[in-house]
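Okay, data26.pdb is below, PDB, C-alpha atoms, pLDDT in the B column:
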ATOM      1  CA  MET A   1     160.860 139.105 131.464  1.00 33.00           C
ATOM      2  CA  THR A   2     163.884 136.860 131.108  1.00 37.00           C
ATOM      3  CA  ALA A   3     165.793 135.267 133.954  1.00 38.00           C
ATOM      4  CA  ASP A   4     168.615 137.791 133.455  1.00 40.00           C
ATOM      5  CA  ALA A   5     166.167 140.672 133.739  1.00 43.00           C
ATOM      6  CA  THR A   6     164.759 139.645 137.109  1.00 44.00           C
ATOM      7  CA  PRO A   7     164.988 142.597 139.531  1.00 45.00           C
ATOM      8  CA  ALA A   8     167.371 142.273 142.462  1.00 43.00           C
ATOM      9  CA  GLY A   9     165.708 140.533 145.380  1.00 50.00           C
ATOM     10  CA  ALA A  10     162.850 139.161 143.231  1.00 60.00           C
ATOM     11  CA  ARG A  11     162.256 135.445 142.747  1.00 72.00           C
ATOM     12  CA  PRO A  12     163.783 134.176 139.457  1.00 86.00           C
ATOM     13  CA  ALA A  13     161.284 133.588 136.675  1.00 94.00           C
ATOM     14  CA  ILE A  14     160.089 130.028 136.019  1.00 96.00           C
ATOM     15  CA  ARG A  15     162.103 128.738 133.054  1.00 97.00           C
ATOM     16  CA  VAL A  16     159.866 126.934 130.558  1.00 98.00           C
ATOM     17  CA  LEU A  17     160.465 124.748 127.511  1.00 98.00           C
ATOM     18  CA  ILE A  18     157.698 124.286 124.921  1.00 97.00           C
ATOM     19  CA  ALA A  19     157.885 121.157 122.748  1.00 97.00           C
ATOM     20  CA  ASP A  20     155.319 120.805 119.955  1.00 95.00           C
ATOM     21  CA  ASP A  21     155.705 120.034 116.265  1.00 94.00           C
ATOM     22  CA  GLU A  22     153.043 122.614 115.369  1.00 94.00           C
ATOM     23  CA  GLU A  23     154.557 126.085 115.177  1.00 95.00           C
ATOM     24  CA  MET A  24     151.169 127.734 115.728  1.00 94.00           C
ATOM     25  CA  ILE A  25     150.712 125.861 119.014  1.00 93.00           C
ATOM     26  CA  ARG A  26     154.170 126.886 120.224  1.00 95.00           C
ATOM     27  CA  HIS A  27     153.515 130.476 119.201  1.00 95.00           C
ATOM     28  CA  GLY A  28     150.150 130.562 120.976  1.00 94.00           C
ATOM     29  CA  VAL A  29     151.509 129.066 124.191  1.00 95.00           C
ATOM     30  CA  ARG A  30     154.455 131.466 124.153  1.00 95.00           C
ATOM     31  CA  LEU A  31     152.158 134.489 123.698  1.00 95.00           C
ATOM     32  CA  ILE A  32     149.994 133.407 126.629  1.00 95.00           C
ATOM     33  CA  LEU A  33     152.922 132.784 128.965  1.00 96.00           C
ATOM     34  CA  ARG A  34     154.486 136.099 127.985  1.00 93.00           C
ATOM     35  CA  HIS A  35     151.739 137.851 129.987  1.00 90.00           C
ATOM     36  CA  ALA A  36     153.023 136.296 133.226  1.00 94.00           C
ATOM     37  CA  GLU A  37     155.983 138.229 134.623  1.00 92.00           C
ATOM     38  CA  ASP A  38     157.116 135.237 136.675  1.00 96.00           C
ATOM     39  CA  ILE A  39     157.374 132.904 133.651  1.00 97.00           C
ATOM     40  CA  ASP A  40     160.125 132.928 131.019  1.00 97.00           C
ATOM     41  CA  VAL A  41     159.947 130.743 127.886  1.00 97.00           C
ATOM     42  CA  VAL A  42     163.626 130.009 127.292  1.00 97.00           C
ATOM     43  CA  ALA A  43     163.428 127.237 124.674  1.00 97.00           C
ATOM     44  CA  GLU A  44     161.141 125.844 121.963  1.00 97.00           C
ATOM     45  CA  ALA A  45     161.467 122.456 120.298  1.00 97.00           C
ATOM     46  CA  ALA A  46     159.733 120.971 117.253  1.00 96.00           C
ATOM     47  CA  ASN A  47     160.280 117.337 118.308  1.00 97.00           C
ATOM     48  CA  GLY A  48     161.132 115.240 121.331  1.00 96.00           C
ATOM     49  CA  ALA A  49     164.813 114.856 120.507  1.00 97.00           C
ATOM     50  CA  GLU A  50     165.250 118.623 120.333  1.00 97.00           C
ATOM     51  CA  ALA A  51     163.391 119.005 123.627  1.00 97.00           C
ATOM     52  CA  VAL A  52     165.689 116.590 125.459  1.00 97.00           C
ATOM     53  CA  ASP A  53     168.810 118.162 123.958  1.00 97.00           C
ATOM     54  CA  MET A  54     167.703 121.694 124.842  1.00 97.00           C
ATOM     55  CA  ALA A  55     166.726 120.767 128.399  1.00 97.00           C
ATOM     56  CA  ALA A  56     170.072 119.031 128.893  1.00 96.00           C
ATOM     57  CA  ARG A  57     172.020 122.085 127.687  1.00 95.00           C
ATOM     58  CA  GLN A  58     169.787 124.721 129.257  1.00 93.00           C
ATOM     59  CA  PRO A  59     168.010 123.406 132.383  1.00 93.00           C
ATOM     60  CA  VAL A  60     164.350 124.339 132.715  1.00 97.00           C
ATOM     61  CA  GLU A  61     161.900 123.995 135.576  1.00 96.00           C
ATOM     62  CA  VAL A  62     158.853 123.109 133.477  1.00 97.00           C
ATOM     63  CA  ALA A  63     158.621 121.371 130.091  1.00 97.00           C
ATOM     64  CA  LEU A  64     155.320 121.495 128.196  1.00 96.00           C
ATOM     65  CA  VAL A  65     155.476 118.489 125.864  1.00 95.00           C
ATOM     66  CA  ASP A  66     153.143 117.413 123.060  1.00 92.00           C
ATOM     67  CA  ILE A  67     152.385 113.702 122.891  1.00 87.00           C
ATOM     68  CA  ARG A  68     152.732 113.236 119.112  1.00 87.00           C
ATOM     69  CA  MET A  69     155.951 114.578 117.592  1.00 91.00           C
ATOM     70  CA  PRO A  70     158.401 113.395 114.905  1.00 92.00           C
ATOM     71  CA  VAL A  71     161.918 112.021 115.456  1.00 94.00           C
ATOM     72  CA  LEU A  72     161.212 111.275 119.141  1.00 94.00           C
ATOM     73  CA  ASP A  73     157.620 111.256 120.349  1.00 91.00           C
ATOM     74  CA  GLY A  74     156.412 112.822 123.568  1.00 89.00           C
ATOM     75  CA  LEU A  75     156.304 109.560 125.535  1.00 89.00           C
ATOM     76  CA  ALA A  76     159.927 108.720 124.788  1.00 92.00           C
ATOM     77  CA  ALA A  77     160.924 112.324 125.419  1.00 95.00           C
ATOM     78  CA  ILE A  78     159.257 112.317 128.840  1.00 92.00           C
ATOM     79  CA  GLU A  79     161.213 109.239 129.900  1.00 91.00           C
ATOM     80  CA  GLN A  80     164.472 110.989 128.987  1.00 95.00           C
ATOM     81  CA  LEU A  81     163.505 114.376 130.419  1.00 95.00           C
ATOM     82  CA  VAL A  82     162.695 112.984 133.864  1.00 91.00           C
ATOM     83  CA  GLY A  83     166.107 111.339 133.874  1.00 91.00           C
ATOM     84  CA  LEU A  84     167.962 114.657 133.556  1.00 94.00           C
ATOM     85  CA  ASP A  85     169.708 116.360 136.455  1.00 91.00           C
ATOM     86  CA  PRO A  86     168.236 118.765 137.320  1.00 91.00           C
ATOM     87  CA  LYS A  87     164.952 117.153 136.341  1.00 90.00           C
ATOM     88  CA  PRO A  88     162.230 119.378 134.866  1.00 95.00           C
ATOM     89  CA  GLN A  89     158.589 118.982 135.780  1.00 93.00           C
ATOM     90  CA  VAL A  90     157.035 117.627 132.582  1.00 94.00           C
ATOM     91  CA  VAL A  91     153.456 118.526 131.714  1.00 92.00           C
ATOM     92  CA  MET A  92     151.995 116.763 128.707  1.00 88.00           C
ATOM     93  CA  LEU A  93     149.954 118.818 126.238  1.00 85.00           C
ATOM     94  CA  THR A  94     147.096 116.727 124.918  1.00 79.00           C
ATOM     95  CA  THR A  95     143.625 116.584 123.430  1.00 75.00           C
ATOM     96  CA  PHE A  96     140.658 114.841 125.029  1.00 59.00           C
ATOM     97  CA  GLY A  97     140.981 111.765 122.808  1.00 56.00           C
ATOM     98  CA  ASP A  98     144.497 110.909 124.040  1.00 63.00           C
ATOM     99  CA  GLU A  99     143.429 109.107 127.224  1.00 65.00           C
ATOM    100  CA  GLU A 100     145.587 106.019 126.704  1.00 73.00           C
ATOM    101  CA  ASN A 101     148.663 108.075 125.848  1.00 74.00           C
ATOM    102  CA  VAL A 102     148.052 110.357 128.819  1.00 72.00           C
ATOM    103  CA  THR A 103     148.029 107.297 131.050  1.00 74.00           C
ATOM    104  CA  ARG A 104     151.319 106.093 129.588  1.00 79.00           C
ATOM    105  CA  ALA A 105     152.853 109.543 130.009  1.00 80.00           C
ATOM    106  CA  LEU A 106     151.928 109.666 133.687  1.00 77.00           C
ATOM    107  CA  GLN A 107     153.378 106.200 134.168  1.00 78.00           C
ATOM    108  CA  ALA A 108     156.574 107.430 132.496  1.00 82.00           C
ATOM    109  CA  GLY A 109     156.937 110.181 135.075  1.00 83.00           C
ATOM    110  CA  ALA A 110     155.065 113.211 133.737  1.00 86.00           C
ATOM    111  CA  SER A 111     153.839 115.592 136.428  1.00 83.00           C
ATOM    112  CA  GLY A 112     150.455 115.840 134.772  1.00 80.00           C
ATOM    113  CA  PHE A 113     148.600 116.773 131.644  1.00 82.00           C
ATOM    114  CA  LEU A 114     146.917 119.841 130.228  1.00 83.00           C
ATOM    115  CA  LEU A 115     144.304 120.082 127.516  1.00 80.00           C
ATOM    116  CA  LYS A 116     145.381 122.203 124.562  1.00 82.00           C
ATOM    117  CA  ASP A 117     142.100 124.097 124.610  1.00 80.00           C
ATOM    118  CA  GLU A 118     142.444 125.263 128.226  1.00 79.00           C
ATOM    119  CA  GLY A 119     142.141 129.006 128.760  1.00 82.00           C
ATOM    120  CA  PRO A 120     145.129 131.350 129.159  1.00 90.00           C
ATOM    121  CA  GLN A 121     144.834 131.612 132.938  1.00 87.00           C
ATOM    122  CA  GLU A 122     144.603 127.837 133.289  1.00 84.00           C
ATOM    123  CA  LEU A 123     147.818 127.456 131.278  1.00 91.00           C
ATOM    124  CA  ILE A 124     149.653 130.034 133.386  1.00 92.00           C
ATOM    125  CA  SER A 125     148.359 128.459 136.608  1.00 87.00           C
ATOM    126  CA  ALA A 126     149.442 125.017 135.394  1.00 88.00           C
ATOM    127  CA  VAL A 127     153.025 126.181 134.813  1.00 93.00           C
ATOM    128  CA  ARG A 128     153.144 127.769 138.253  1.00 92.00           C
ATOM    129  CA  ALA A 129     151.680 124.665 139.887  1.00 86.00           C
ATOM    130  CA  ALA A 130     154.154 122.357 138.156  1.00 89.00           C
ATOM    131  CA  ALA A 131     157.078 124.570 139.165  1.00 91.00           C
ATOM    132  CA  ALA A 132     155.834 124.457 142.769  1.00 84.00           C
ATOM    133  CA  GLY A 133     155.825 120.652 142.671  1.00 81.00           C
ATOM    134  CA  ASP A 134     152.060 120.210 142.412  1.00 78.00           C
ATOM    135  CA  ALA A 135     150.339 117.827 140.024  1.00 72.00           C
ATOM    136  CA  VAL A 136     148.757 119.392 136.948  1.00 76.00           C
ATOM    137  CA  LEU A 137     145.574 117.540 136.015  1.00 71.00           C
ATOM    138  CA  SER A 138     142.906 118.903 133.700  1.00 68.00           C
ATOM    139  CA  PRO A 139     139.603 118.069 135.422  1.00 54.00           C
ATOM    140  CA  GLY A 140     137.897 117.130 132.160  1.00 53.00           C
ATOM    141  CA  VAL A 141     139.798 113.857 131.859  1.00 56.00           C
ATOM    142  CA  THR A 142     141.304 113.262 135.299  1.00 57.00           C
ATOM    143  CA  GLY A 143     138.640 110.801 136.395  1.00 56.00           C
ATOM    144  CA  HIS A 144     138.973 108.734 133.235  1.00 60.00           C
ATOM    145  CA  VAL A 145     142.757 108.579 133.452  1.00 63.00           C
ATOM    146  CA  VAL A 146     142.842 107.659 137.146  1.00 61.00           C
ATOM    147  CA  LYS A 147     140.253 104.938 136.564  1.00 63.00           C
ATOM    148  CA  ARG A 148     142.216 103.516 133.625  1.00 64.00           C
ATOM    149  CA  MET A 149     145.466 103.460 135.583  1.00 62.00           C
ATOM    150  CA  LEU A 150     143.905 101.880 138.652  1.00 61.00           C
ATOM    151  CA  GLN A 151     142.300  99.169 136.514  1.00 63.00           C
ATOM    152  CA  GLY A 152     145.556  98.561 134.653  1.00 57.00           C
ATOM    153  CA  SER A 153     148.566  96.517 135.546  1.00 48.00           C
ATOM    154  CA  GLY A 154     148.445  97.249 139.283  1.00 45.00           C
ATOM    155  CA  ARG A 155     151.766  99.064 139.175  1.00 50.00           C
ATOM    156  CA  VAL A 156     152.700 102.710 139.101  1.00 51.00           C
ATOM    157  CA  GLY A 157     156.327 103.467 138.358  1.00 49.00           C
ATOM    158  CA  PRO A 158     159.375 101.240 138.890  1.00 47.00           C
ATOM    159  CA  ALA A 159     158.595  99.118 141.906  1.00 49.00           C
ATOM    160  CA  GLY A 160     160.544  95.922 141.356  1.00 50.00           C
ATOM    161  CA  GLY A 161     157.351  93.860 141.517  1.00 60.00           C
ATOM    162  CA  GLN A 162     156.440  94.990 145.039  1.00 73.00           C
ATOM    163  CA  ARG A 163     152.831  95.183 146.171  1.00 81.00           C
ATOM    164  CA  PRO A 164     151.469  98.699 146.882  1.00 79.00           C
ATOM    165  CA  ASP A 165     151.465  98.112 150.655  1.00 81.00           C
ATOM    166  CA  GLU A 166     155.080  96.907 150.529  1.00 85.00           C
ATOM    167  CA  ARG A 167     156.111 100.117 148.777  1.00 88.00           C
ATOM    168  CA  LEU A 168     154.727 102.103 151.720  1.00 92.00           C
ATOM    169  CA  ALA A 169     156.630 100.137 154.361  1.00 91.00           C
ATOM    170  CA  ALA A 170     159.435 102.696 154.758  1.00 92.00           C
ATOM    171  CA  LEU A 171     157.110 105.685 155.174  1.00 95.00           C
ATOM    172  CA  THR A 172     156.654 107.420 158.509  1.00 96.00           C
ATOM    173  CA  ASP A 173     153.162 108.023 159.877  1.00 95.00           C
ATOM    174  CA  ARG A 174     153.296 111.653 158.762  1.00 96.00           C
ATOM    175  CA  GLU A 175     154.452 110.670 155.290  1.00 96.00           C
ATOM    176  CA  ARG A 176     151.511 108.282 155.055  1.00 95.00           C
ATOM    177  CA  GLU A 177     149.217 111.169 155.978  1.00 95.00           C
ATOM    178  CA  VAL A 178     150.717 113.317 153.247  1.00 94.00           C
ATOM    179  CA  LEU A 179     150.517 110.471 150.720  1.00 93.00           C
ATOM    180  CA  ALA A 180     146.823 109.980 151.508  1.00 91.00           C
ATOM    181  CA  MET A 181     146.239 113.690 150.841  1.00 89.00           C
ATOM    182  CA  LEU A 182     148.120 113.431 147.556  1.00 85.00           C
ATOM    183  CA  GLY A 183     145.655 110.695 146.704  1.00 82.00           C
ATOM    184  CA  GLU A 184     142.826 113.123 147.406  1.00 79.00           C
ATOM    185  CA  GLY A 185     144.328 115.525 144.908  1.00 73.00           C
ATOM    186  CA  LEU A 186     145.316 118.190 147.433  1.00 79.00           C
ATOM    187  CA  SER A 187     147.995 120.739 146.553  1.00 77.00           C
ATOM    188  CA  ASN A 188     151.031 121.392 148.747  1.00 82.00           C
ATOM    189  CA  LEU A 189     149.344 124.515 150.105  1.00 82.00           C
ATOM    190  CA  GLU A 190     146.168 122.608 150.983  1.00 85.00           C
ATOM    191  CA  ILE A 191     148.166 119.831 152.664  1.00 89.00           C
ATOM    192  CA  GLY A 192     150.087 122.405 154.695  1.00 91.00           C
ATOM    193  CA  ARG A 193     146.894 124.054 155.851  1.00 92.00           C
ATOM    194  CA  ARG A 194     145.270 120.779 156.829  1.00 94.00           C
ATOM    195  CA  LEU A 195     148.304 119.553 158.769  1.00 95.00           C
ATOM    196  CA  GLU A 196     149.232 123.047 160.003  1.00 95.00           C
ATOM    197  CA  ILE A 197     152.782 122.791 158.704  1.00 95.00           C
ATOM    198  CA  GLY A 198     154.861 125.023 156.420  1.00 92.00           C
ATOM    199  CA  LEU A 199     155.020 124.719 152.639  1.00 85.00           C
ATOM    200  CA  GLY A 200     158.711 123.818 152.772  1.00 87.00           C
ATOM    201  CA  THR A 201     157.972 120.977 155.168  1.00 93.00           C
ATOM    202  CA  VAL A 202     155.274 119.644 152.842  1.00 91.00           C
ATOM    203  CA  LYS A 203     157.689 119.689 149.901  1.00 87.00           C
ATOM    204  CA  THR A 204     160.245 117.792 151.981  1.00 92.00           C
ATOM    205  CA  HIS A 205     157.662 115.137 152.867  1.00 94.00           C
ATOM    206  CA  VAL A 206     156.589 114.797 149.219  1.00 90.00           C
ATOM    207  CA  GLY A 207     160.196 114.420 148.076  1.00 88.00           C
ATOM    208  CA  ARG A 208     160.841 111.692 150.625  1.00 94.00           C
ATOM    209  CA  ILE A 209     157.630 109.900 149.656  1.00 94.00           C
ATOM    210  CA  LEU A 210     158.687 109.818 146.002  1.00 89.00           C
ATOM    211  CA  ASP A 211     162.142 108.513 146.918  1.00 91.00           C
ATOM    212  CA  LYS A 212     160.912 105.833 149.309  1.00 94.00           C
ATOM    213  CA  THR A 213     158.093 104.537 147.098  1.00 92.00           C
ATOM    214  CA  GLY A 214     160.014 104.627 143.820  1.00 87.00           C
ATOM    215  CA  THR A 215     157.492 106.942 142.170  1.00 84.00           C
ATOM    216  CA  GLU A 216     158.547 109.612 139.676  1.00 74.00           C
ATOM    217  CA  SER A 217     155.847 112.213 140.258  1.00 75.00           C
ATOM    218  CA  ARG A 218     153.010 113.340 142.532  1.00 77.00           C
ATOM    219  CA  VAL A 219     150.564 111.777 140.082  1.00 75.00           C
ATOM    220  CA  GLN A 220     152.174 108.360 140.420  1.00 78.00           C
ATOM    221  CA  ALA A 221     152.266 108.781 144.206  1.00 84.00           C
ATOM    222  CA  ALA A 222     148.576 109.719 144.238  1.00 80.00           C
ATOM    223  CA  LEU A 223     147.683 106.617 142.258  1.00 80.00           C
ATOM    224  CA  LEU A 224     149.802 104.491 144.578  1.00 85.00           C
ATOM    225  CA  ALA A 225     147.827 105.924 147.517  1.00 86.00           C
ATOM    226  CA  HIS A 226     144.633 104.642 145.874  1.00 82.00           C
ATOM    227  CA  GLN A 227     146.147 101.241 145.129  1.00 82.00           C
ATOM    228  CA  ALA A 228     147.327 100.887 148.736  1.00 87.00           C
ATOM    229  CA  GLY A 229     143.931 101.864 150.124  1.00 86.00           C
ATOM    230  CA  LEU A 230     145.063 105.162 151.667  1.00 86.00           C
ATOM    231  CA  ALA A 231     142.738 107.292 149.531  1.00 73.00           C
ATOM    232  CA  ARG A 232     139.320 106.850 148.038  1.00 65.00           C
TER     233      ARG A 232
END
Mind turning the file's structure into C-alpha cells?
Amino acid sequence: MTADATPAGARPAIRVLIADDEEMIRHGVRLILRHAEDIDVVAEAANGAEAVDMAARQPVEVALVDIRMPVLDGLAAIEQLVGLDPKPQVVMLTTFGDEENVTRALQAGASGFLLKDEGPQELISAVRAAAAGDAVLSPGVTGHVVKRMLQGSGRVGPAGGQRPDERLAALTDREREVLAMLGEGLSNLEIGRRLEIGLGTVKTHVGRILDKTGTESRVQAALLAHQAGLAR
C-alpha cells in the first residue's frame, strides 16, 4: 500500500527508505516490509549519497541504512540525514561484528541498530518503533554497545564540553523521570503506563529532553541518563 492509496480516515503509511549497496539485501527488506499494510517503501539507495539526496527530495519517516557503502558510507550519511528537515529516524543495518561502527553511528544520531539476520516480524516491528519515536536496539549486541559507549570519551552527542549533570540542569523533575526511564530502555508506551500519562505527553517530554540536553536520539539520551547516574 502506498501513501496515496491509504483509505480515507486511515493513518498514512510509514514512509521508508532502504539504503544498502547490496541489491539482494534491499530486495529482501522490501519484500518483508511489503507484508505490512502500514509501511510503504518509497525509496531505495545503493550508497549514502543517494540516500541523503532521496530523503531530501522525498521526506521519509524511517531510513534503514547500511554501515558500509560506496561514495558516502553509512556513518557520514547518518550525520547528514539527521540534519534534514523533516528529520527521518535512522536505523542502522549491521552485522554482529560491527560493534565499533554501531557505537559511532549512535553517537552520530542514529535512532538505533538492527541486525541484518533479524526475522521478518522483528524488522517490521523495528520500523514501527522507530516511526513512533522509540529506540531500536537489537538485544544481541545492545549490552556490548552501551558498555563501549559508557567507557568511551564520556560524551554523548554535541554537548559543548559540559558534564553529564550540567546537561540535565534545565530539565524539570518530570523530564528527569522520563529520562531515567529512557535509560532503562522503556518504550514510550511503557513510560506512559508507568507514569499514568498519555502517549502524546510522553512524546512531548522526550522531545524536550532531546532539545534541552543536546542529544540527537533516544539512544543518546539513554546513555546520558547512565552517565549522569539516573539509570543503572
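Within 10 Å of the file-frame point (154.0, 136.3, 140.6), and using only C-alpha atoms, the polymer residues found are Ala10, Arg11, Ala13, Ile14, Ala36, Glu37, Asp38, Ile39 and Arg128 of chain A.
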Put those residues in a file: C-alpha atoms, as a JSON list (two decimals), in the frame of the given file.
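File written: out_13.json
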[["chain", "number", "residue", "atom", "x", "y", "z"],
["A", 10, "ALA", "CA", 162.85, 139.16, 143.23],
["A", 11, "ARG", "CA", 162.26, 135.44, 142.75],
["A", 13, "ALA", "CA", 161.28, 133.59, 136.68],
["A", 14, "ILE", "CA", 160.09, 130.03, 136.02],
["A", 36, "ALA", "CA", 153.02, 136.30, 133.23],
["A", 37, "GLU", "CA", 155.98, 138.23, 134.62],
["A", 38, "ASP", "CA", 157.12, 135.24, 136.68],
["A", 39, "ILE", "CA", 157.37, 132.90, 133.65],
["A", 128, "ARG", "CA", 153.14, 127.77, 138.25]]
(message) I need the residue nearest Val16 of chain A from this list: A:Ile78, A:Val71, A:Ala45, A:Val127. Use only C-alpha atoms for the distance.
(response) A:Val127
(request) Rank nothing, just name the residue among A:Arg193, A:His226, A:Arg68, A:Arg167 nearest to Gly48 of chain A, using all atoms listed in the file. (result) A:Arg68
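Counting all atoms listed in the file and comparing A:Arg163, A:His35, A:Arg26, A:Arg57, the residue that lies closest to Ala228 of chain A is A:Arg163.
Against the coordinates shown, the PyMOL selection byres ((chain A and resi 25) around 12) returns Ile18, Ala19, Asp20, Asp21, Glu22, Glu23, Met24, Arg26, His27, Gly28, Val29, Arg30, Leu31, Ile32, Glu44, Ala45, Ala46, Leu64, Val65, Asp66, Leu93, Thr94, Lys116 and Asp117 of chain A.
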Put those residues in a file: C-alpha atoms, as a PDB file, in the frame of the given file.
ATOM      1  CA  ILE A  18     157.698 124.286 124.921  1.00 97.00           C
ATOM      2  CA  ALA A  19     157.885 121.157 122.748  1.00 97.00           C
ATOM      3  CA  ASP A  20     155.319 120.805 119.955  1.00 95.00           C
ATOM      4  CA  ASP A  21     155.705 120.034 116.265  1.00 94.00           C
ATOM      5  CA  GLU A  22     153.043 122.614 115.369  1.00 94.00           C
ATOM      6  CA  GLU A  23     154.557 126.085 115.177  1.00 95.00           C
ATOM      7  CA  MET A  24     151.169 127.734 115.728  1.00 94.00           C
ATOM      8  CA  ARG A  26     154.170 126.886 120.224  1.00 95.00           C
ATOM      9  CA  HIS A  27     153.515 130.476 119.201  1.00 95.00           C
ATOM     10  CA  GLY A  28     150.150 130.562 120.976  1.00 94.00           C
ATOM     11  CA  VAL A  29     151.509 129.066 124.191  1.00 95.00           C
ATOM     12  CA  ARG A  30     154.455 131.466 124.153  1.00 95.00           C
ATOM     13  CA  LEU A  31     152.158 134.489 123.698  1.00 95.00           C
ATOM     14  CA  ILE A  32     149.994 133.407 126.629  1.00 95.00           C
ATOM     15  CA  GLU A  44     161.141 125.844 121.963  1.00 97.00           C
ATOM     16  CA  ALA A  45     161.467 122.456 120.298  1.00 97.00           C
ATOM     17  CA  ALA A  46     159.733 120.971 117.253  1.00 96.00           C
ATOM     18  CA  LEU A  64     155.320 121.495 128.196  1.00 96.00           C
ATOM     19  CA  VAL A  65     155.476 118.489 125.864  1.00 95.00           C
ATOM     20  CA  ASP A  66     153.143 117.413 123.060  1.00 92.00           C
ATOM     21  CA  LEU A  93     149.954 118.818 126.238  1.00 85.00           C
ATOM     22  CA  THR A  94     147.096 116.727 124.918  1.00 79.00           C
ATOM     23  CA  LYS A 116     145.381 122.203 124.562  1.00 82.00           C
ATOM     24  CA  ASP A 117     142.100 124.097 124.610  1.00 80.00           C
TER      25      ASP A 117
END
